file work_31.txt (compact mmCIF, C-alpha atoms)
# COMPACT_ATOMS: atom_id res chain seq x y z
CA MET A 1 108.58 120.86 137.11
CA GLY A 2 107.56 119.47 133.72
CA ASN A 3 105.71 121.13 130.92
CA PRO A 4 102.40 122.65 132.13
CA LYS A 5 100.87 122.33 128.66
CA ARG A 6 101.73 118.61 128.49
CA ASN A 7 100.21 118.08 131.96
CA THR A 8 96.99 119.82 130.97
CA LEU A 9 96.60 117.85 127.76
CA SER A 10 97.12 114.56 129.61
CA LEU A 11 93.83 115.16 131.42
CA LEU A 12 91.96 114.81 128.13
CA PRO A 13 94.33 112.95 125.81
CA THR A 14 92.76 113.56 122.41
CA PRO A 15 95.31 113.20 119.59
CA ILE A 16 96.66 116.43 118.11
CA GLU A 17 97.66 114.89 114.82
CA ASP A 18 98.97 118.09 113.24
CA HIS A 19 101.42 118.72 116.09
CA PRO A 20 105.06 118.67 114.84
CA GLN A 21 105.99 116.11 117.51
CA PHE A 22 103.13 113.74 116.65
CA VAL A 23 104.44 110.49 115.10
CA THR A 24 101.72 109.20 112.80
CA ALA A 25 103.30 105.78 112.25
CA LEU A 26 103.45 105.14 115.99
CA ALA A 27 99.84 106.27 116.43
CA ARG A 28 98.73 103.86 113.73
CA GLY A 29 100.58 101.00 115.38
CA MET A 30 98.87 101.73 118.69
CA ALA A 31 95.52 101.91 116.89
CA VAL A 32 96.10 98.35 115.65
CA LEU A 33 96.72 97.10 119.20
CA ARG A 34 93.60 98.87 120.47
CA CYS A 35 91.49 96.85 118.03
CA PHE A 36 91.77 93.80 120.27
CA THR A 37 89.06 93.70 122.92
CA ARG A 38 87.89 91.26 125.54
CA GLY A 39 86.40 88.10 124.03
CA GLU A 40 88.22 88.49 120.70
CA ARG A 41 91.45 86.57 120.39
CA TYR A 42 92.13 86.62 116.66
CA LEU A 43 91.78 89.43 114.12
CA GLY A 44 92.82 89.47 110.49
CA ASN A 45 94.25 92.37 108.54
CA GLN A 46 90.91 93.00 106.87
CA GLU A 47 89.09 93.28 110.22
CA ILE A 48 91.80 95.56 111.60
CA ALA A 49 91.65 97.74 108.49
CA GLN A 50 87.90 98.14 108.93
CA ARG A 51 88.26 99.16 112.58
CA THR A 52 91.17 101.54 112.14
CA HIS A 53 90.03 102.94 108.78
CA LEU A 54 93.57 102.40 107.50
CA PRO A 55 94.46 100.96 104.07
CA LYS A 56 94.96 97.22 104.17
CA PRO A 57 98.58 97.41 102.85
CA THR A 58 99.39 99.81 105.71
CA VAL A 59 97.78 97.45 108.23
CA SER A 60 99.75 94.55 106.78
CA ARG A 61 103.04 96.38 107.37
CA LEU A 62 102.00 97.40 110.87
CA THR A 63 100.91 93.93 111.96
CA PHE A 64 104.11 92.43 110.57
CA THR A 65 106.21 94.96 112.47
CA LEU A 66 104.28 94.46 115.70
CA MET A 67 104.67 90.70 115.31
CA GLN A 68 108.42 91.09 114.90
CA LEU A 69 108.53 93.15 118.10
CA GLY A 70 106.50 90.60 120.08
CA TYR A 71 103.35 92.68 120.49
CA LEU A 72 101.35 90.48 118.11
CA HIS A 73 101.42 86.74 117.47
CA TYR A 74 100.53 85.25 114.09
CA SER A 75 98.49 82.05 113.94
CA VAL A 76 99.29 79.97 110.87
CA GLU A 77 96.18 77.89 111.52
CA PHE A 78 93.75 80.85 111.50
CA GLU A 79 95.89 83.17 109.38
CA LYS A 80 95.13 85.93 111.86
CA TYR A 81 96.82 87.81 114.68
CA SER A 82 96.41 87.75 118.44
CA LEU A 83 98.05 89.91 121.10
CA GLY A 84 101.60 88.89 121.89
CA VAL A 85 103.39 88.50 125.20
CA GLY A 86 104.99 91.92 124.80
CA VAL A 87 101.63 93.51 125.57
CA LEU A 88 101.42 91.53 128.82
CA ASN A 89 104.87 92.75 129.77
CA LEU A 90 103.76 96.35 129.32
CA GLY A 91 100.57 95.77 131.31
CA HIS A 92 102.46 94.08 134.12
CA ALA A 93 105.01 96.89 134.23
CA PHE A 94 102.19 99.43 134.42
CA LEU A 95 100.44 97.69 137.31
CA GLN A 96 103.68 97.15 139.21
CA SER A 97 104.61 100.81 138.92
CA TYR A 98 101.11 102.11 139.66
CA ALA A 99 101.06 101.80 143.44
CA VAL A 100 97.77 103.66 143.79
CA VAL A 101 95.87 100.52 142.73
CA ASP A 102 97.35 98.46 145.57
CA VAL A 103 96.81 101.31 148.03
CA ALA A 104 93.18 101.74 147.00
CA ARG A 105 92.17 98.06 146.95
CA PRO A 106 91.50 97.54 150.70
CA PHE A 107 89.51 100.78 150.80
CA LEU A 108 87.48 99.68 147.77
CA GLN A 109 86.76 96.32 149.35
CA ALA A 110 85.67 97.80 152.67
CA TYR A 111 83.44 100.32 150.89
CA ALA A 112 81.93 97.59 148.70
CA GLU A 113 81.10 95.48 151.75
CA TYR A 114 79.48 98.44 153.48
CA THR A 115 77.38 99.52 150.51
CA GLN A 116 76.67 96.02 149.19
CA ALA A 117 77.42 97.41 145.74
CA ALA A 118 80.13 97.41 143.07
CA VAL A 119 82.97 99.87 143.65
CA MET A 120 85.45 100.80 140.93
CA LEU A 121 88.61 102.76 140.29
CA GLY A 122 89.09 103.96 136.72
CA GLU A 123 90.89 106.34 134.40
CA PHE A 124 89.99 108.01 131.13
CA ASP A 125 91.42 106.33 128.05
CA GLY A 126 90.47 107.51 124.60
CA LYS A 127 86.69 107.82 124.53
CA GLN A 128 85.89 105.58 127.50
CA MET A 129 86.87 104.88 131.08
CA ILE A 130 89.09 101.89 131.69
CA LEU A 131 88.79 100.01 135.00
CA LEU A 132 91.94 99.74 137.09
CA ASP A 133 90.20 97.76 139.83
CA ILE A 134 86.74 96.67 140.92
CA CYS A 135 85.35 95.15 144.12
CA GLN A 136 81.92 93.50 144.23
CA GLY A 137 79.86 93.88 147.39
CA ASP A 138 76.43 92.63 146.29
CA PRO A 139 76.21 88.84 146.83
CA LEU A 140 73.06 88.65 144.70
CA PHE A 141 74.21 90.77 141.74
CA GLN A 142 77.72 90.83 140.29
CA LEU A 143 78.65 93.25 137.53
CA ARG A 144 80.37 91.37 134.73
CA LEU A 145 83.37 93.67 134.73
CA GLU A 146 87.01 93.26 135.64
CA PRO A 147 90.22 95.33 135.53
CA GLY A 148 90.94 96.34 131.96
CA ALA A 149 87.26 96.53 131.00
CA ARG A 150 85.96 99.72 129.41
CA VAL A 151 82.77 101.54 130.35
CA ALA A 152 81.01 104.55 128.88
CA HIS A 153 82.31 108.03 129.64
CA GLY A 154 79.44 110.50 129.60
CA SER A 155 76.69 108.30 131.05
CA THR A 156 78.50 106.58 133.94
CA ALA A 157 79.25 108.16 137.30
CA LEU A 158 82.85 107.02 136.82
CA GLY A 159 83.21 108.97 133.58
CA ARG A 160 81.23 111.94 134.81
CA ALA A 161 83.54 112.21 137.81
CA HIS A 162 86.46 112.59 135.41
CA LEU A 163 84.57 115.17 133.38
CA ALA A 164 83.56 117.09 136.49
CA ALA A 165 87.20 117.60 137.44
CA LEU A 166 88.33 118.90 134.05
CA PRO A 167 89.34 122.56 133.75
CA ALA A 168 86.68 124.65 132.01
CA ASP A 169 88.57 124.88 128.70
CA LEU A 170 89.08 121.13 128.42
CA PHE A 171 85.49 120.47 129.44
CA ALA A 172 84.29 122.79 126.68
CA ARG A 173 86.57 121.02 124.21
CA TYR A 174 85.16 117.65 125.26
CA LEU A 175 81.59 118.86 124.73
CA ASP A 176 82.43 120.21 121.27
CA THR A 177 84.21 117.01 120.20
CA THR A 178 81.53 114.71 121.57
CA ARG A 179 78.70 116.78 120.08
CA ALA A 180 80.29 116.52 116.64
CA GLY A 181 80.38 112.72 116.81
CA CYS A 182 76.98 112.17 118.40
CA PRO A 183 73.64 111.69 116.63
CA PRO A 184 71.84 115.07 116.85
CA ASP A 185 68.69 113.57 118.35
CA GLN A 186 70.67 111.99 121.21
CA TRP A 187 72.98 114.87 122.07
CA PRO A 188 70.60 117.09 124.13
CA GLU A 189 69.94 114.31 126.65
CA ILE A 190 73.59 113.31 126.83
CA GLU A 191 74.74 116.90 127.30
CA ALA A 192 72.11 117.56 129.97
CA GLY A 193 73.30 114.57 132.00
CA ILE A 194 76.95 115.61 131.77
CA VAL A 195 76.30 119.25 132.68
CA SER A 196 74.01 118.21 135.54
CA ALA A 197 76.71 115.90 136.90
CA ARG A 198 79.25 118.72 136.79
CA ASP A 199 76.81 120.93 138.70
CA ASP A 200 76.30 118.15 141.26
CA TYR A 201 80.05 117.95 141.74
CA GLU A 202 80.21 121.67 142.46
CA ARG A 203 77.35 121.35 144.93
CA TYR A 204 78.03 118.04 146.67
CA GLY A 205 81.63 117.12 145.87
CA PHE A 206 80.49 114.07 143.88
CA CYS A 207 78.29 113.36 140.87
CA LEU A 208 75.48 110.97 140.04
CA SER A 209 74.25 108.68 137.28
CA LEU A 210 70.67 107.66 137.98
CA GLY A 211 69.83 105.00 135.44
CA ASP A 212 71.66 106.85 132.64
CA TRP A 213 74.16 104.07 131.93
CA ALA A 214 71.93 101.15 132.85
CA PRO A 215 68.23 101.60 133.74
CA ASP A 216 68.50 99.35 136.78
CA MET A 217 71.64 101.00 138.22
CA PHE A 218 72.10 104.06 140.43
CA ALA A 219 75.67 105.28 140.88
CA VAL A 220 77.80 107.95 142.49
CA GLY A 221 81.29 109.01 141.40
CA VAL A 222 84.10 111.19 142.66
CA PRO A 223 87.37 112.28 140.99
CA MET A 224 90.85 112.07 142.49
CA ILE A 225 93.25 114.69 141.14
CA SER A 226 97.01 114.29 141.50
CA ALA A 227 98.93 116.95 143.41
CA ASP A 228 100.53 118.26 140.21
CA ARG A 229 97.08 118.24 138.54
CA SER A 230 98.40 116.19 135.63
CA ARG A 231 96.20 113.14 136.22
CA ILE A 232 92.62 112.38 137.16
CA LEU A 233 91.40 109.03 138.46
CA ALA A 234 87.80 108.36 139.43
CA PHE A 235 86.00 106.25 142.03
CA ASN A 236 82.50 104.95 141.49
CA CYS A 237 79.88 103.03 143.44
CA SER A 238 77.10 101.32 141.43
CA GLY A 239 74.11 99.63 143.03
CA ARG A 240 70.76 98.22 141.98
CA VAL A 241 67.84 100.63 142.01
CA SER A 242 65.98 98.07 144.10
CA THR A 243 68.50 98.47 146.92
CA VAL A 244 70.00 101.96 146.42
CA THR A 245 68.08 105.25 146.44
CA ARG A 246 69.04 108.75 145.34
CA GLU A 247 68.75 109.94 148.92
CA GLN A 248 71.09 107.19 150.06
CA LEU A 249 73.66 108.26 147.48
CA LEU A 250 73.39 111.90 148.54
CA ASP A 251 73.31 111.39 152.30
CA ASP A 252 75.53 108.35 152.83
CA PHE A 253 77.31 106.68 149.91
CA GLY A 254 78.46 109.94 148.28
CA PRO A 255 80.05 111.51 151.36
CA ARG A 256 81.64 108.16 152.26
CA LEU A 257 83.08 107.91 148.75
CA VAL A 258 84.59 111.38 149.12
CA ALA A 259 86.10 110.36 152.46
CA MET A 260 87.50 107.16 150.94
CA ARG A 261 89.01 109.16 148.07
CA ASP A 262 90.65 111.52 150.55
CA GLN A 263 92.15 108.59 152.46
CA VAL A 264 93.63 107.07 149.32
CA LEU A 265 94.93 110.44 148.15
CA ASP A 266 96.59 110.96 151.52
CA ARG A 267 98.17 107.49 151.47
CA VAL A 268 99.78 108.07 148.07
CA GLY A 269 100.82 111.59 148.98
CA GLY A 270 98.93 113.03 146.04
CA SER A 271 101.29 111.33 143.60
CA PHE A 272 100.08 108.77 141.07
call {"tool": "encode", "arguments": {"input": "work_31.txt", "output": "C-alpha cells"}}
result
Amino acid sequence: MGNPKRNTLSLLPTPIEDHPQFVTALARGMAVLRCFTRGERYLGNQEIAQRTHLPKPTVSRLTFTLMQLGYLHYSVEFEKYSLGVGVLNLGHAFLQSYAVVDVARPFLQAYAEYTQAAVMLGEFDGKQMILLDICQGDPLFQLRLEPGARVAHGSTALGRAHLAALPADLFARYLDTTRAGCPPDQWPEIEAGIVSARDDYERYGFCLSLGDWAPDMFAVGVPMISADRSRILAFNCSGRVSTVTREQLLDDFGPRLVAMRDQVLDRVGGSF
C-alpha cells in the first residue's frame, strides 16, 4: 500500500532537509546536475558553485565524483564539465518505463490538429513544470519547446493545473513558500492568478492562463491524478490570442481537454 505520507509529499516535492532520512551529500550532487540546462554544454566549478551556492571545494569534490560515476564528462580543452552518458541512460530508462507518455502521444497529436495549437503533457519538478511531450498543431506558429524543457509553474495553465489538483494543505504550503521567495510588489498579481485558476478548476474542471505567461498566448490546462493519488500530471493547450478566445477555451477546448485526459487515464488504468 505504500506510505501515505510519502505519497502526499511527492505531489509537491520540496526538500525537507532536516528530515533524518535526508542525505545532504546526495542532494548536493543532484543540485550540481540540475545546473546544466538547454543550450549550455560546459560549466566550470566556479559557475556551478555560483548556481548551487555551495563552496567551491565542495563542488570540486562533487564534480570529480560525478565524473568518476559517468554522470559528468571533463573536457581537458575547456577545463570544464558537461553532462555524461550516465545521465542519458537514466533519462532513457525513465522514458521507457513511463508508458503514459506513449499512450498520451496520439491523443495529444489529434487534439493539437483539432485546435491548431500547441498541446503539452508535463509534470512538476522543483519550482517549474517539465515537459514530457509536446505536439504542435499551428502551422504558422511553433512554440520553441521540446520534451525536457521547463516552463513556469504559477503563470502557465500547465502549472496551474498541477496546483489546482493539490490537496488544500499542500496548496497552502506552496503559497507560503512562493510568497516568501517572490518580490512583494509582484506577489499579489501572481497569487490572484493562481487562486483564480484553482477556482476555475472547481467550477469548470479545468483552469486558464489568459496572457499571464506570455501576453500573446491563451491557454487551458487540466490535471491528471493517479489512482493512488501519489502523482499529478498536467495537460495544456496553448494558442495565439489572435486565433483562440476565452469563450472557445471555456466552451470547446477545455471540455475536450478534460475528455482527452479521461481517455488517457482510462488507457493507463489510473497508474503512472
call {"tool": "closest_residue", "arguments": {"input": "work_31.txt", "among": "A:Ala112, A:Val151, A:Leu233, A:Met260", "to": "Tyr98 in chain A", "atoms": "all atoms listed in the file"}}
result
A:Leu233
call {"tool": "closest_residue", "arguments": {"input": "work_31.txt", "among": "A:Leu163, A:Glu77, A:Gln263, A:Gly122", "to": "Pro147 in chain A", "atoms": "all atoms listed in the file"}}
result
A:Gly122
call {"tool": "closest_residue", "arguments": {"input": "work_31.txt", "among": "A:Ala168, A:Ala161, A:Ala117, A:Ile194", "to": "Thr243 in chain A", "atoms": "all atoms listed in the file"}}
result
A:Ala117
call {"tool": "residues_around", "arguments": {"input": "work_31.txt", "residues": "Gly86 in chain A", "least_positions_apart": "3", "cutoff": "12 Å", "atoms": "only C-alpha atoms", "output": "list in words"}}
result
Leu33, Leu66, Met67, Gln68, Leu69, Gly70, Tyr71, Leu72, His73, Ser82, Leu83, Asn89, Leu90, Gly91, His92 and Ala93 of chain A
call {"tool": "closest_residue", "arguments": {"input": "work_31.txt", "among": "A:Leu43, A:Asp102, A:Pro55, A:Phe124", "to": "Tyr74 in chain A", "atoms": "all atoms listed in the file"}}
result
A:Leu43
call {"tool": "residues_around", "arguments": {"input": "work_31.txt", "residues": "range 126-137 of chain A", "least_positions_apart": "3", "cutoff": "6 Å", "atoms": "only C-alpha atoms", "output": "MDAnalysis selection string"}}
result
chainID A and resid 109 112:113 116:123 147:153
call {"tool": "atom_distance", "arguments": {"input": "work_31.txt", "atom1": "CA of Ala197 in chain A", "atom2": "CA of Leu108 in chain A"}}
result
22.3 Å
call {"tool": "residues_around", "arguments": {"input": "work_31.txt", "residues": "Leu265 in chain A", "least_positions_apart": "2", "cutoff": "10 Å", "atoms": "only C-alpha atoms", "output": "list in words"}}
result
Val100, Val103, Ala104, Met224, Ile225, Ser226, Ala227, Ala259, Met260, Arg261, Asp262, Gln263, Arg267, Val268, Gly269, Gly270, Ser271 and Phe272 of chain A
call {"tool": "atom_distance", "arguments": {"input": "work_31.txt", "atom1": "CA of Gly84 in chain A", "atom2": "CA of Ser97 in chain A"}}
result
21.0 Å
call {"tool": "closest_residue", "arguments": {"input": "work_31.txt", "among": "A:Arg256, A:Ala219, A:Gly44, A:Arg38", "to": "Ala110 in chain A", "atoms": "only C-alpha atoms"}}
result
A:Arg256
call {"tool": "atom_distance", "arguments": {"input": "work_31.txt", "atom1": "CA of Ala31 in chain A", "atom2": "CA of Val222 in chain A"}}
result
29.7 Å
call {"tool": "closest_residue", "arguments": {"input": "work_31.txt", "among": "A:Leu26, A:Leu95, A:Ile190, A:Val264", "to": "Thr178 in chain A", "atoms": "only C-alpha atoms"}}
result
A:Ile190
call {"tool": "residues_around", "arguments": {"input": "work_31.txt", "residues": "Leu208 in chain A", "least_positions_apart": "4", "cutoff": "8 Å", "atoms": "all atoms listed in the file", "output": "list in words"}}
result
Ala157, Arg160, Ala197, Asp200, Phe218, Ala219, Val220 and Gly221 of chain A
call {"tool": "axis_aligned_box", "arguments": {"input": "work_31.txt", "around": "range 221-224 of chain A", "padding_each_side": "4 Å", "output": "JSON"}}
result
{"center_x": 86.1, "center_y": 110.6, "center_z": 141.8, "size_x": 17.6, "size_y": 11.3, "size_z": 9.7}
